[in-house]
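Single-structure report; data block below.
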Amino acid sequence: MRPSIVWFRRDLRLSDHPALDAAVRRGGAVIPVFVWAPDEESPWPPGAASRWWLHHSLAALDADLRARGARLVLRAGPSGRALAALARETGANAVFWTSLVEPAAVARDAAVRESLEAIGLETHAAPPDLLFDPQAARSGAGRAYQVFTPWYAACLRLPPPEKPFPAPRHIPAPARWPASLNLASLGLLPRTDWAGGLRETWTPGEAGARERLGRMLRKGLRDYSASRDMPARAGTSRLSPHLHWGEMGPRQIFHAVRESSGARPGTGAREFVRQLGWRDFAHYLLVHFPRTTDAPLRLAYRRFPWRHDADGLQAWQRGRTGYPIVDAGMRELWHTGWMHNRVRMIVASFLVKDLLLSWREGARWFWDTLVDADLANNTLGWQWAGGCGADAAPYFRIFNPVSQGERFDAGGAYVRRWVPELARLPADWIHRPWEAAPQVLRAAGVELGRTYPLPIVDHGAARRRALQALASLRRT
DNA sequence: TTTTGAGTTGTTCGA
DNA sequence: GTCGAACAACTCAAA
């Protein structure tokens, strides 16, 4: 049997990997390859934080492959040409991969498939890493769902996701390994090293993913409902970047939760699996509404009067809005490449409703700074916040950054961690320093406008302005 | 076929 | 201090 190529993209793992498994079962040597071709994902090539993650995930995948007698070959795009060259060099006559759902990747993969088959290669595309086939659930008229709950209910009536299977014990190697680029030469790491906070926070790779999942199953599920909304607590799984890069597939998580929670899963386990459902739903929507990465799903929002305000945008990005919970979130993002889900909603509402800046500005910033940046999830999240997407937040749902802070970060521990210049303020004022008495501020070493900004907008006025802008959509 | 009720994550106002 | 109503328009399924 001639060798097979396994084209790794965002399935950077060895266990529960149908494409790899099929290639190994075929019998010949297996040549794993990653092709760096960011242009092919335009207009959403991986951002800076994603590239950092990718660098380390590729290193981990290579190490895992070497432990099984193989290695990871690195090449540069265009993908079709790189794969054809690799097949020529190695005598391979089949290419295996896992499908993606992003519009650019779908188009690229179709073109690659055509070009490979034209030169006589077999191609095998495994289904995307999702719990449910995006074509399976259809609403009444055979149309695609736009609301989560009925979609999820329909999915729960489908056969459950397949059970995961282990990594191949041995991966047959070719007689001679083809040339590989050096990982460093892909230029994925930042030129000036700003990634210290990322290194402290994350362990990219399959082993890191397994560690996070294990921790969640051991002590996270029981408390999940209560603590998942508290940004100061480690109440969420933090599996999102591992999921994005496919270091762990959703089926593995789904079944691991099932097994650990037994026949009668508690509410924590059910809620946690439901979050996996949201990831699936985001991908489902991207399959059925591919234009929503760049345009609102609700067409009325095309004429929404978004403001342009470079200073406001920059204050938001840098965590200098004067609203402590917003600034804490934006600084957590900048430092760690990740932000707690509750805080993502708060900062998104602030950008879109308080500053009236387009959800697309927010999506772009998150895309560049998040280690878990995922086009489907990012699109769903920002269109939800913008009020223009599927199952969107109603127009009148405008988060109050003070009451959100007081509700979900009552003692201010989260703010103190990420906005150290406010750390000595008493809890009563930590979310509204501008209302504190001068002597309270002085005692805490806070001088508003100097050590910490005054609010860049008045929330009450901003809220009324947003409601007016939304009303302007309805007249006509 | 038509109607009805509910829909991840909220806030404010007035009784 | 607490509580219910109001704040659109649309999707979806059950009645």
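By convention here, the chains of the structure tokens are called A, B, ... in the order presented, each chain's residues are numbered starting at 1, and ligands are numbered starting at 1 in the order presented.
Near chain C, counting only C-alpha atoms (C1' of nucleotides) at 8 Å, the chain A residues are Ser139, Gly140, Gln146, Val147, Pro150, Pro394, Tyr395 and Phe396 of chain A.
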Considering only C-alpha atoms (C1' of nucleotides), extract the chain A residues located within 7 Å of chain B and return them as a count of residues only. 3
Atom CA of Glu102 of chain A to atom CA of Pro45 of chain A measures 11.1 Å
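Around segment 326-330 of chain A, within 8 Å and counting only C-alpha atoms (C1' of nucleotides), the residues found are A:Trp316, A:Gln317, A:Arg318, A:Gly319, A:Arg320, A:Thr321, A:Gly322, A:Trp334, A:Met339, A:His340, A:Val343, A:Arg344, A:Ile346, A:Val347, A:Phe350, A:Pro401, A:Tyr414, A:Val415, A:Arg417, A:Trp418, A:Val419, once anything fewer than 4 positions away on its own chain is removed.
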Taking 2 positions as the minimum chain separation for residues in the same chain, which residues sit within 9 Å of segment 25-31 of chain A when counting only C-alpha atoms (C1' of nucleotides)? Answer as JSON, numbers by chain. {"A": [1, 2, 3, 4, 5, 6, 7, 20, 21, 22, 23, 33, 70, 71, 72, 73, 90, 92, 171, 172, 173, 174, 175, 177, 178]}
